[in-house]
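Engineer: This is the content of coords.cif (mmCIF, C-alpha atoms):
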```cif
data_start
#
loop_
_atom_site.label_atom_id
_atom_site.label_comp_id
_atom_site.auth_asym_id
_atom_site.auth_seq_id
_atom_site.Cartn_x
_atom_site.Cartn_y
_atom_site.Cartn_z
CA MET F 238 86.69 202.61 160.55
CA GLU F 239 87.90 201.66 157.06
CA ARG F 240 91.19 200.25 158.31
CA LYS F 241 89.40 197.92 160.70
CA PHE F 242 86.88 196.87 158.08
CA TYR F 243 89.55 195.27 155.95
CA LEU F 244 90.64 193.01 158.80
CA TRP F 245 87.49 190.99 158.27
CA MET F 246 87.93 188.72 155.28
CA TRP F 247 85.23 186.95 153.39
CA ILE F 248 85.36 183.16 153.48
CA GLY F 249 84.25 181.02 150.56
CA ALA F 250 83.18 182.01 147.09
CA MET F 251 80.17 181.34 144.95
CA LEU F 252 80.70 178.78 142.21
CA ILE F 253 79.90 180.32 138.87
CA PHE F 254 76.59 179.02 137.52
CA ASN F 255 76.05 177.15 140.77
CA PRO F 256 72.47 175.85 140.51
CA THR F 257 72.15 175.91 144.29
CA ALA F 258 72.84 179.61 144.31
CA VAL F 259 70.24 180.24 141.60
CA LEU F 260 67.68 178.23 143.52
CA GLY F 261 68.58 180.16 146.64
CA GLU F 262 67.88 183.42 144.81
CA GLN F 263 64.33 182.30 144.18
CA MET F 264 63.89 181.19 147.77
CA GLU F 265 64.84 184.60 149.11
CA HIS F 266 61.49 185.85 147.85
CA ARG F 267 59.47 183.04 149.37
CA PRO F 268 57.00 184.16 152.03
CA ALA F 269 58.94 182.26 154.69
CA ALA F 270 57.31 184.02 157.61
CA ALA F 271 53.85 182.90 156.56
CA ALA F 272 54.99 179.31 156.13
CA ALA F 273 56.71 179.37 159.51
CA LYS F 274 53.58 180.46 161.31
CA THR F 275 51.59 177.54 159.95
CA ASP F 276 54.27 175.02 160.90
CA GLN F 277 54.49 176.29 164.47
CA LYS F 278 50.80 175.81 164.98
CA LYS F 279 51.11 172.23 163.79
CA LYS F 280 54.08 171.53 166.04
CA GLY F 281 52.81 173.40 169.06
CA ASN F 282 56.12 175.20 169.40
CA ASP F 283 56.28 178.86 170.14
CA PHE F 284 59.70 179.85 168.84
CA GLU F 285 58.48 182.21 166.07
CA HIS F 286 61.97 182.78 164.71
CA ILE F 287 65.03 180.76 165.69
CA HIS F 288 68.36 182.53 166.11
CA ALA F 289 70.63 180.02 167.81
CA LEU F 290 71.19 176.42 168.80
CA ALA F 291 73.88 175.22 171.22
CA THR F 292 74.96 172.10 173.10
CA ASP F 293 76.23 172.20 176.68
CA ALA F 294 79.82 171.15 177.48
CA GLU F 295 78.65 167.65 178.44
CA GLY F 296 76.66 167.16 175.25
CA ARG F 297 73.46 166.39 177.16
CA ILE F 298 71.39 169.56 176.94
CA LEU F 299 70.37 171.52 173.86
CA PHE F 300 69.65 175.24 174.12
CA LEU F 301 67.62 177.14 171.57
CA GLY F 302 67.55 180.92 171.28
CA ALA F 303 64.46 182.35 169.60
CA HIS F 304 62.41 185.48 169.14
CA THR F 305 60.23 184.27 172.01
CA GLY F 306 63.02 183.48 174.46
CA LEU F 307 65.38 180.75 175.59
CA PHE F 308 64.42 177.07 175.48
CA ARG F 309 66.12 173.87 176.63
CA SER F 310 65.74 170.24 175.66
CA GLU F 311 67.03 167.19 177.48
CA ASP F 312 65.83 164.70 174.88
CA GLY F 313 67.79 165.79 171.82
CA GLY F 314 65.27 168.37 170.65
CA SER F 315 62.06 166.29 170.80
CA SER F 316 60.55 168.42 173.55
CA TRP F 317 61.42 171.94 174.73
CA LYS F 318 60.91 173.86 177.92
CA LYS F 319 61.04 177.64 178.08
CA MET F 320 63.60 179.05 180.51
CA ALA F 321 62.99 182.16 182.60
CA VAL F 322 65.97 184.44 182.01
CA ALA F 323 64.87 187.76 183.48
CA THR F 324 61.59 188.67 185.18
CA GLN F 325 61.97 192.34 184.26
CA HIS F 326 62.24 191.33 180.59
CA PRO F 327 59.57 188.63 180.10
CA HIS F 328 59.76 188.74 176.28
CA LEU F 329 63.47 188.55 175.53
CA ASP F 330 64.55 188.00 171.93
CA VAL F 331 67.49 185.60 172.38
CA MET F 332 70.06 186.17 169.61
CA ALA F 333 72.85 183.86 170.80
CA VAL F 334 73.33 181.04 173.30
CA THR F 335 76.93 180.46 174.34
CA PRO F 336 77.63 177.67 176.81
CA ASP F 337 80.99 177.64 178.58
CA THR F 338 83.16 175.11 176.76
CA LYS F 339 84.52 173.57 179.99
CA ASP F 340 81.95 174.23 182.73
CA SER F 341 78.54 172.82 181.76
CA LYS F 342 76.80 174.90 184.48
CA THR F 343 77.86 178.23 182.96
CA ILE F 344 75.85 179.62 180.05
CA TYR F 345 75.72 183.06 178.45
CA VAL F 346 72.91 184.43 176.30
CA ALA F 347 72.89 187.53 174.10
CA THR F 348 69.63 189.39 173.65
CA HIS F 349 68.19 191.92 171.25
CA GLU F 350 66.98 194.31 173.93
CA ALA F 351 68.85 193.77 177.20
CA GLY F 352 72.45 192.81 176.47
CA VAL F 353 74.14 189.72 177.87
CA PHE F 354 72.94 187.43 180.67
CA LYS F 355 74.95 184.79 182.50
CA SER F 356 73.98 181.74 184.52
CA THR F 357 76.39 179.69 186.61
CA ASP F 358 73.83 177.13 187.79
CA GLY F 359 72.79 175.53 184.52
CA GLY F 360 70.16 178.16 183.74
CA ALA F 361 68.18 178.20 187.01
CA THR F 362 69.17 181.81 187.77
CA TRP F 363 70.53 184.59 185.56
CA ARG F 364 72.14 187.99 185.97
CA GLU F 365 72.99 190.77 183.52
CA VAL F 366 76.67 191.11 182.66
CA ASN F 367 76.69 194.36 180.70
CA THR F 368 79.29 196.56 182.38
CA GLY F 369 81.11 198.43 179.62
CA LEU F 370 78.88 197.14 176.82
CA GLY F 371 77.92 200.07 174.59
CA GLY F 372 74.36 199.04 173.78
CA PRO F 373 71.65 196.49 174.51
CA ASP F 374 71.32 194.85 171.05
CA VAL F 375 73.83 191.97 171.02
CA HIS F 376 73.76 189.91 167.83
CA GLY F 377 76.67 187.55 168.47
CA LEU F 378 78.50 186.14 171.45
CA ALA F 379 81.66 184.01 171.15
CA ILE F 380 83.53 182.17 173.88
CA ASP F 381 87.23 181.39 173.53
CA PRO F 382 87.49 177.57 173.57
CA ASN F 383 90.97 177.72 175.14
CA THR F 384 90.29 180.48 177.67
CA PRO F 385 86.55 180.48 178.49
CA SER F 386 86.90 183.63 180.60
CA LYS F 387 87.47 185.49 177.32
CA LEU F 388 84.36 186.30 175.26
CA HIS F 389 83.62 188.61 172.34
CA ALA F 390 80.24 190.24 171.69
CA VAL F 391 78.90 192.05 168.63
CA VAL F 392 76.71 195.02 169.45
CA ARG F 393 74.42 196.53 166.82
CA GLU F 394 72.86 199.98 166.58
CA LYS F 395 73.67 201.96 169.76
CA GLY F 396 77.33 201.46 170.73
CA GLU F 397 77.94 199.32 167.62
CA GLY F 398 81.14 197.28 167.55
CA VAL F 399 82.96 194.22 168.87
CA TYR F 400 83.47 194.08 172.64
CA ARG F 401 85.75 191.80 174.63
CA THR F 402 85.69 190.59 178.22
CA THR F 403 88.59 188.71 179.78
CA ASP F 404 86.92 188.12 183.14
CA SER F 405 83.85 186.07 182.21
CA GLY F 406 81.62 189.08 181.64
CA GLY F 407 82.78 191.22 184.57
CA LYS F 408 83.73 194.09 182.28
CA TRP F 409 83.52 194.65 178.52
CA THR F 410 85.84 196.81 176.40
CA ARG F 411 85.19 197.88 172.82
CA VAL F 412 87.99 196.45 170.64
CA ASP F 413 86.86 196.70 166.99
CA ASP F 414 84.28 198.12 164.59
CA GLY F 415 83.35 194.57 163.56
CA PRO F 416 82.49 193.07 160.19
CA GLY F 417 80.41 194.86 157.60
CA GLY F 418 76.78 193.93 157.10
CA GLU F 419 74.20 192.62 159.50
CA VAL F 420 75.82 190.18 161.92
CA LYS F 421 73.93 186.97 162.69
CA LEU F 422 76.50 185.19 164.82
CA LEU F 423 80.01 185.30 166.21
CA ALA F 424 82.22 182.29 166.98
CA SER F 425 85.75 181.88 168.34
CA VAL F 426 87.47 179.11 166.42
CA ASN F 427 90.61 177.43 167.72
CA ILE F 428 92.67 178.02 164.58
CA PRO F 429 95.90 179.90 165.42
CA THR F 430 96.43 183.14 163.51
CA GLY F 431 100.22 183.01 163.87
CA MET F 432 100.01 186.30 165.76
CA GLY F 433 99.32 184.85 169.17
CA GLY F 434 95.56 184.63 168.87
CA ILE F 435 92.85 182.61 167.18
CA PHE F 436 90.21 183.52 164.59
CA LEU F 437 86.82 185.05 165.19
CA TYR F 438 84.22 184.02 162.62
CA ALA F 439 81.15 186.10 161.90
CA GLY F 440 78.05 184.99 160.03
CA THR F 441 76.70 188.05 158.28
CA ALA F 442 74.15 189.01 155.64
CA GLU F 443 77.11 189.14 153.24
CA GLY F 444 78.45 185.68 154.03
CA LEU F 445 81.00 184.23 156.43
CA GLN F 446 83.84 186.54 157.48
CA ARG F 447 86.76 186.06 159.81
CA SER F 448 89.30 188.19 161.63
CA PRO F 449 92.20 187.54 164.00
CA ASP F 450 90.92 188.11 167.55
CA CYS F 451 94.03 190.04 168.65
CA PHE F 452 92.45 193.47 168.10
CA MET O 944 87.80 178.74 148.27
CA GLY O 945 84.48 177.75 146.85
CA GLY O 946 81.12 176.17 147.30
CA LEU O 947 79.67 178.52 149.90
CA PRO O 948 77.21 180.96 148.36
CA THR O 949 78.48 184.48 148.90
CA ASN O 950 76.44 187.58 149.50
CA ARG O 951 74.01 185.36 151.36
CA THR O 952 73.21 185.33 155.00
CA VAL O 953 75.04 182.84 157.19
CA ASN O 954 72.48 182.24 159.92
CA GLY O 955 74.29 179.58 161.90
CA PHE O 956 77.83 178.28 162.28
CA ALA O 957 79.52 175.51 164.26
CA VAL O 958 82.86 173.72 164.33
CA GLU O 959 84.04 170.38 165.70
CA PRO O 960 85.60 171.35 169.05
CA GLY O 961 88.58 168.99 168.73
CA ASN O 962 89.09 169.53 165.01
CA PRO O 963 87.95 173.07 164.16
CA LYS O 964 88.88 172.72 160.50
CA VAL O 965 85.56 170.87 160.24
CA MET O 966 82.96 173.62 159.98
CA TYR O 967 79.25 173.86 159.29
CA ALA O 968 77.41 176.89 157.94
CA ALA O 969 73.62 177.05 158.21
CA MET O 970 72.07 179.04 155.39
CA ARG O 971 68.75 179.44 153.66
CA ASP O 972 70.16 177.45 150.72
CA GLY O 973 71.09 174.52 152.94
CA LEU O 974 73.71 173.24 155.35
CA PHE O 975 77.30 173.54 154.10
CA LYS O 976 80.30 171.62 155.45
CA SER O 977 83.99 172.37 155.16
CA THR O 978 86.80 170.06 156.27
CA ASP O 979 89.62 172.51 155.47
CA ALA O 980 88.84 175.50 157.69
CA GLY O 981 86.57 177.15 155.14
CA GLU O 982 88.76 176.87 152.03
CA SER O 983 86.11 174.76 150.31
CA TRP O 984 82.51 173.99 151.15
CA LYS O 985 80.08 171.27 150.13
CA ARG O 986 76.38 171.16 150.70
CA THR O 987 75.37 168.30 152.98
CA GLY O 988 71.99 166.76 153.82
CA SER O 989 70.74 168.09 150.50
CA GLU O 990 66.99 167.61 150.96
CA LEU O 991 66.84 170.13 153.80
CA LYS O 992 66.78 173.93 153.50
CA ASN O 993 66.07 177.18 155.26
CA PHE O 994 68.45 176.64 158.16
CA ALA O 995 68.59 179.02 161.09
CA ALA O 996 71.14 177.35 163.35
CA VAL O 997 73.49 174.38 163.75
CA THR O 998 75.39 172.87 166.69
CA VAL O 999 77.86 170.02 167.17
CA ASN O 1000 77.76 167.77 170.24
CA PRO O 1001 81.20 168.35 171.85
CA LYS O 1002 81.22 164.82 173.31
CA ASN O 1003 80.25 163.13 170.03
CA THR O 1004 81.22 165.24 167.05
CA ARG O 1005 79.41 163.02 164.53
CA GLN O 1006 76.20 164.17 166.21
CA LEU O 1007 74.80 167.44 164.88
CA TYR O 1008 71.58 169.32 165.41
CA VAL O 1009 70.04 171.85 163.06
CA ALA O 1010 67.04 174.10 163.40
CA THR O 1011 65.12 175.47 160.46
CA ALA O 1012 63.74 178.98 160.54
CA ASP O 1013 60.22 177.57 160.92
CA GLY O 1014 61.10 175.79 164.15
CA LYS O 1015 61.91 172.22 163.16
CA VAL O 1016 64.87 170.53 164.83
CA SER O 1017 66.65 167.60 163.15
CA ILE O 1018 69.49 165.37 164.28
CA SER O 1019 72.29 163.74 162.33
CA THR O 1020 74.53 161.03 163.78
CA ASP O 1021 76.87 160.74 160.80
CA GLY O 1022 78.37 164.19 160.48
CA GLY O 1023 75.54 165.69 158.49
CA LEU O 1024 74.84 163.14 155.77
CA GLN O 1025 71.50 161.86 157.03
CA TRP O 1026 68.94 163.69 159.13
CA LYS O 1027 65.99 162.73 161.27
CA ALA O 1028 63.28 165.16 162.37
CA GLN O 1029 63.03 165.38 166.17
CA GLN O 1030 59.52 166.72 166.69
#
```
Translate the structure described by the file into structure tokens.

Structural biologist:
Amino acid sequence: MERKFYLWMWIGAMLIFNPTAVLGEQMEHRPAAAAAKTDQKKKGNDFEHIHALATDAEGRILFLGAHTGLFRSEDGGSSWKKMAVATQHPHLDVMAVTPDTKDSKTIYVATHEAGVFKSTDGGATWREVNTGLGGPDVHGLAIDPNTPSKLHAVVREKGEGVYRTTDSGGKWTRVDDGPGGEVKLLASVNIPTGMGGIFLYAGTAEGLQRSPDCF
Amino acid sequence: MGGLPTNRTVNGFAVEPGNPKVMYAAMRDGLFKSTDAGESWKRTGSELKNFAAVTVNPKNTRQLYVATADGKVSISTDGGLQWKAQQ
């Protein structure tokens, strides 16, 4: 556990006496949830809390993952339509939206309560791709930009850890304990590690961390 | 390395697909941009805050979208300098 932990390195550092950071400290205590509720009513949106935003491979469709589900926009975010991901889970909390980087019809979503779903028809139909995944609470889902059949997922709580699939979600294998702290996102970034792989970046409650993906 | 507040939650993250040294981090304190693979960060689009997510259009990498935690989506067409609310 400890050995793996040190693979994940923190990125960036706080500037000493950085006024932005001080201001941020004050904002942490702001009643953001209350403010958000008011704004939604004004806008007519029903996202509640937004987790993810993604663009399809063609750059035409925006996807938004929220506490109240998955949404898509074809007009650059001016209007949104809710997508039906799974009838047996009508209230999915969508934590990550990960479009295939080469095939605009293929999209993956990670959910808080039912693992990973995949669509190969632009989001019209979905199926669960959870074989081998240790738990249902997936907080991050990264697709390899060079090899889109390779994805990494961060599972929280039950079965916690980083899982990898090399066959587009056919089967997952646990490969690492993952970064410390609450994970908000996972991204595969095409920066070579020098060890034959690329870097995985994780957005966490403790900042941005990265690790070589050759676990 | 510098400029990115540490011990703070990174809610969203995106890179330019063709040039992944250009990175964006969406945080409560604002949107931060790096052009050197995360060695240094600068806040961009300074009037906006409370970001939940960010994405880069893979076909036009000057075009970015951000979402704030309270559900507002904004677009930038100049790599994050200027923003326009979409709703």

Engineer: For the file shown, what are the residues hit by the PyMOL selection byres ((chain O and resi 1009-1016) around 6), laid out as a CSV table (one decimal) with C-alpha atoms, in the frame of the given file?

Structural biologist:
```csv
chain,number,residue,atom,x,y,z
F,273,ALA,CA,56.7,179.4,159.5
F,286,HIS,CA,62.0,182.8,164.7
F,287,ILE,CA,65.0,180.8,165.7
O,993,ASN,CA,66.1,177.2,155.3
O,994,PHE,CA,68.4,176.6,158.2
O,995,ALA,CA,68.6,179.0,161.1
O,996,ALA,CA,71.1,177.4,163.4
O,997,VAL,CA,73.5,174.4,163.8
O,1008,TYR,CA,71.6,169.3,165.4
O,1017,SER,CA,66.6,167.6,163.2
O,1029,GLN,CA,63.0,165.4,166.2
```

Engineer: Could you make a table, as a Markdown table, of the residues of chain O that have an atom within 6 Å of an atom of chain F, each with its nearest atom pair and distance in Å to one decimal, counting all atoms listed in the file, in chain and number order?

Structural biologist:
```
| residue | atom | partner | partner_atom | distance |
| --- | --- | --- | --- | --- |
| O:Met944 | CA | F:Gly249 | CA | 4.8 |
| O:Gly945 | CA | F:Ala250 | CA | 4.5 |
| O:Gly946 | CA | F:Leu252 | CA | 5.7 |
| O:Leu947 | CA | F:Gly249 | CA | 5.3 |
| O:Pro948 | CA | F:Met251 | CA | 4.5 |
| O:Thr949 | CA | F:Gly444 | CA | 5.3 |
| O:Asn950 | CA | F:Glu443 | CA | 4.1 |
| O:Arg951 | CA | F:Gly444 | CA | 5.2 |
| O:Thr952 | CA | F:Ala442 | CA | 3.9 |
| O:Val953 | CA | F:Gly440 | CA | 4.7 |
| O:Asn954 | CA | F:Lys421 | CA | 5.7 |
| O:Asp972 | CA | F:Gly261 | CA | 5.1 |
| O:Ala996 | CA | F:Ala289 | CA | 5.2 |
| O:Val997 | CA | F:Leu290 | CA | 5.9 |
| O:Thr998 | CA | F:Ala291 | CA | 5.3 |
| O:Asn1000 | CA | F:Gly296 | CA | 5.2 |
| O:Pro1001 | CA | F:Gly296 | CA | 5.8 |
| O:Lys1002 | CA | F:Gly296 | CA | 5.5 |
| O:Ala1012 | CA | F:Ile287 | CA | 5.6 |
| O:Asp1013 | CA | F:Ala273 | CA | 4.2 |
| O:Gln1029 | CA | F:Ser315 | CA | 4.8 |
| O:Gln1030 | CA | F:Ser315 | CA | 4.9 |
```

Engineer: Between CA of Leu244 (chain F) and CA of Glu982 (chain O), measure the distance and give it in Å to one decimal.

Structural biologist: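 For CA of Leu244 (chain F) relative to CA of Glu982 (chain O), the distance reads 17.6 Å.
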
Engineer: May I ask for the distance between CA of Val346 (chain F) and CA of Met432 (chain F), given in Å to one decimal place?

Structural biologist: 29.1 Å

Engineer: Determine the residue set returned by the PyMOL selection byres ((chain F and resi 329) around 9) for the present structure, and present it as a list in words.

Structural biologist: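 For this structure, the PyMOL selection byres ((chain F and resi 329) around 9) resolves to Ala303, His304, Thr305, Gly306, Leu307, Val322, Ala323, His326, Pro327, His328, Asp330, Val331, Thr348, His349, Glu350 and Ala351 of chain F.
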
Engineer: Have a look at CA of Ser341 (chain F) and CA of Gly398 (chain F) and let me know their distance in Å, one decimal.

Structural biologist: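 So the answer is 28.4 Å.
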
Engineer: I need the residue nearest Gly955 (chain O) from this list: F:Lys355, F:Ala361, F:Gly433, F:His376. Use all atoms listed in the file for the distance.

Structural biologist: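 The closest residue to Gly955 (chain O) is F:His376.
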
Engineer: Quick one: everything within 8 Å of Tyr400 (chain F), counting all atoms listed in the file, minus sequence neighbours fewer than 6 positions away in the same chain. Send it as a ChimeraX atom specification.

Structural biologist: /F:370,389-392,409-413

Engineer: Determine the residue set returned by the PyMOL selection byres ((chain O and resi 1024) around 6) for the present structure, and present it as a PyMOL selection string.

Structural biologist: chain O and resi 987-988+1021-1023+1025

Engineer: Using all atoms listed in the file, find all polymer residues with an atom at most 7 Å away from the point (86.1, 165.6, 167.8); report them as a ChimeraX atom specification.

Structural biologist: /O:959-962,1001,1003-1004

Engineer: Take region 982-1014 of chain O from the preceding structure and save N, CA and C atoms as a PDB file, in the first residue's frame.

Structural biologist:
```pdb
ATOM      1  N   GLU O 982       4.393  22.014 -14.885  1.00  0.00           N
ATOM      2  CA  GLU O 982       5.515  22.580 -14.116  1.00  0.00           C
ATOM      3  C   GLU O 982       5.096  23.903 -13.478  1.00  0.00           C
ATOM      4  N   SER O 983       4.405  24.731 -14.272  1.00  0.00           N
ATOM      5  CA  SER O 983       3.929  26.015 -13.735  1.00  0.00           C
ATOM      6  C   SER O 983       2.493  26.237 -14.204  1.00  0.00           C
ATOM      7  N   TRP O 984       1.761  26.958 -13.375  1.00  0.00           N
ATOM      8  CA  TRP O 984       0.338  27.187 -13.646  1.00  0.00           C
ATOM      9  C   TRP O 984       0.023  28.673 -13.495  1.00  0.00           C
ATOM     10  N   LYS O 985      -0.891  29.131 -14.327  1.00  0.00           N
ATOM     11  CA  LYS O 985      -1.371  30.514 -14.202  1.00  0.00           C
ATOM     12  C   LYS O 985      -2.890  30.496 -14.237  1.00  0.00           C
ATOM     13  N   ARG O 986      -3.475  31.343 -13.407  1.00  0.00           N
ATOM     14  CA  ARG O 986      -4.925  31.432 -13.436  1.00  0.00           C
ATOM     15  C   ARG O 986      -5.361  32.144 -14.706  1.00  0.00           C
ATOM     16  N   THR O 987      -6.426  31.653 -15.325  1.00  0.00           N
ATOM     17  CA  THR O 987      -6.902  32.261 -16.563  1.00  0.00           C
ATOM     18  C   THR O 987      -8.401  32.535 -16.445  1.00  0.00           C
ATOM     19  N   GLY O 988      -8.879  33.527 -17.185  1.00  0.00           N
ATOM     20  CA  GLY O 988     -10.298  33.890 -17.090  1.00  0.00           C
ATOM     21  C   GLY O 988     -10.654  34.296 -15.680  1.00  0.00           C
ATOM     22  N   SER O 989      -9.942  35.290 -15.150  1.00  0.00           N
ATOM     23  CA  SER O 989      -9.866  35.519 -13.708  1.00  0.00           C
ATOM     24  C   SER O 989     -11.184  35.880 -13.030  1.00  0.00           C
ATOM     25  N   GLU O 990     -12.168  36.352 -13.794  1.00  0.00           N
ATOM     26  CA  GLU O 990     -13.411  36.779 -13.119  1.00  0.00           C
ATOM     27  C   GLU O 990     -14.297  35.594 -12.710  1.00  0.00           C
ATOM     28  N   LEU O 991     -13.981  34.425 -13.240  1.00  0.00           N
ATOM     29  CA  LEU O 991     -14.833  33.260 -12.972  1.00  0.00           C
ATOM     30  C   LEU O 991     -14.242  32.378 -11.861  1.00  0.00           C
ATOM     31  N   LYS O 992     -15.142  31.715 -11.134  1.00  0.00           N
ATOM     32  CA  LYS O 992     -14.701  30.858 -10.026  1.00  0.00           C
ATOM     33  C   LYS O 992     -15.629  29.669  -9.865  1.00  0.00           C
ATOM     34  N   ASN O 993     -15.259  28.824  -8.908  1.00  0.00           N
ATOM     35  CA  ASN O 993     -16.117  27.714  -8.511  1.00  0.00           C
ATOM     36  C   ASN O 993     -16.343  26.703  -9.640  1.00  0.00           C
ATOM     37  N   PHE O 994     -15.240  26.321 -10.294  1.00  0.00           N
ATOM     38  CA  PHE O 994     -15.345  25.428 -11.441  1.00  0.00           C
ATOM     39  C   PHE O 994     -15.497  23.969 -11.032  1.00  0.00           C
ATOM     40  N   ALA O 995     -16.347  23.275 -11.781  1.00  0.00           N
ATOM     41  CA  ALA O 995     -16.542  21.850 -11.544  1.00  0.00           C
ATOM     42  C   ALA O 995     -15.870  21.010 -12.619  1.00  0.00           C
ATOM     43  N   ALA O 996     -15.838  21.533 -13.868  1.00  0.00           N
ATOM     44  CA  ALA O 996     -15.335  20.704 -14.963  1.00  0.00           C
ATOM     45  C   ALA O 996     -14.871  21.579 -16.117  1.00  0.00           C
ATOM     46  N   VAL O 997     -13.970  21.023 -16.937  1.00  0.00           N
ATOM     47  CA  VAL O 997     -13.462  21.727 -18.115  1.00  0.00           C
ATOM     48  C   VAL O 997     -13.232  20.705 -19.225  1.00  0.00           C
ATOM     49  N   THR O 998     -13.450  21.125 -20.479  1.00  0.00           N
ATOM     50  CA  THR O 998     -13.147  20.250 -21.608  1.00  0.00           C
ATOM     51  C   THR O 998     -12.633  21.084 -22.783  1.00  0.00           C
ATOM     52  N   VAL O 999     -11.777  20.452 -23.590  1.00  0.00           N
ATOM     53  CA  VAL O 999     -11.201  21.097 -24.769  1.00  0.00           C
ATOM     54  C   VAL O 999     -11.794  20.435 -26.008  1.00  0.00           C
ATOM     55  N   ASN O1000     -12.217  21.241 -26.976  1.00  0.00           N
ATOM     56  CA  ASN O1000     -12.720  20.702 -28.238  1.00  0.00           C
ATOM     57  C   ASN O1000     -11.540  20.084 -28.999  1.00  0.00           C
ATOM     58  N   PRO O1001     -11.564  18.759 -29.253  1.00  0.00           N
ATOM     59  CA  PRO O1001     -10.403  18.133 -29.905  1.00  0.00           C
ATOM     60  C   PRO O1001     -10.185  18.607 -31.343  1.00  0.00           C
ATOM     61  N   LYS O1002     -11.229  19.148 -31.977  1.00  0.00           N
ATOM     62  CA  LYS O1002     -11.097  19.623 -33.359  1.00  0.00           C
ATOM     63  C   LYS O1002     -10.724  21.106 -33.441  1.00  0.00           C
ATOM     64  N   ASN O1003     -10.806  21.801 -32.318  1.00  0.00           N
ATOM     65  CA  ASN O1003     -10.462  23.220 -32.278  1.00  0.00           C
ATOM     66  C   ASN O1003      -9.996  23.536 -30.861  1.00  0.00           C
ATOM     67  N   THR O1004      -8.696  23.375 -30.630  1.00  0.00           N
ATOM     68  CA  THR O1004      -8.213  23.371 -29.244  1.00  0.00           C
ATOM     69  C   THR O1004      -8.189  24.752 -28.586  1.00  0.00           C
ATOM     70  N   ARG O1005      -8.511  25.809 -29.356  1.00  0.00           N
ATOM     71  CA  ARG O1005      -8.679  27.123 -28.724  1.00  0.00           C
ATOM     72  C   ARG O1005     -10.045  27.210 -28.041  1.00  0.00           C
ATOM     73  N   GLN O1006     -10.933  26.266 -28.411  1.00  0.00           N
ATOM     74  CA  GLN O1006     -12.292  26.300 -27.881  1.00  0.00           C
ATOM     75  C   GLN O1006     -12.404  25.422 -26.635  1.00  0.00           C
ATOM     76  N   LEU O1007     -12.755  26.059 -25.522  1.00  0.00           N
ATOM     77  CA  LEU O1007     -12.889  25.357 -24.244  1.00  0.00           C
ATOM     78  C   LEU O1007     -14.290  25.566 -23.697  1.00  0.00           C
ATOM     79  N   TYR O1008     -14.725  24.604 -22.916  1.00  0.00           N
ATOM     80  CA  TYR O1008     -15.974  24.769 -22.170  1.00  0.00           C
ATOM     81  C   TYR O1008     -15.681  24.524 -20.698  1.00  0.00           C
ATOM     82  N   VAL O1009     -16.321  25.311 -19.848  1.00  0.00           N
ATOM     83  CA  VAL O1009     -16.232  25.050 -18.409  1.00  0.00           C
ATOM     84  C   VAL O1009     -17.642  25.010 -17.829  1.00  0.00           C
ATOM     85  N   ALA O1010     -17.773  24.263 -16.762  1.00  0.00           N
ATOM     86  CA  ALA O1010     -19.032  24.261 -16.014  1.00  0.00           C
ATOM     87  C   ALA O1010     -18.706  24.623 -14.573  1.00  0.00           C
ATOM     88  N   THR O1011     -19.532  25.509 -14.023  1.00  0.00           N
ATOM     89  CA  THR O1011     -19.368  25.836 -12.609  1.00  0.00           C
ATOM     90  C   THR O1011     -20.223  24.869 -11.788  1.00  0.00           C
ATOM     91  N   ALA O1012     -19.891  24.771 -10.527  1.00  0.00           N
ATOM     92  CA  ALA O1012     -20.600  23.815  -9.669  1.00  0.00           C
ATOM     93  C   ALA O1012     -22.099  24.090  -9.635  1.00  0.00           C
ATOM     94  N   ASP O1013     -22.481  25.365  -9.840  1.00  0.00           N
ATOM     95  CA  ASP O1013     -23.905  25.699  -9.783  1.00  0.00           C
ATOM     96  C   ASP O1013     -24.607  25.562 -11.142  1.00  0.00           C
ATOM     97  N   GLY O1014     -23.939  24.930 -12.113  1.00  0.00           N
ATOM     98  CA  GLY O1014     -24.633  24.552 -13.328  1.00  0.00           C
ATOM     99  C   GLY O1014     -24.558  25.524 -14.486  1.00  0.00           C
TER     100      GLY O1014
END
```
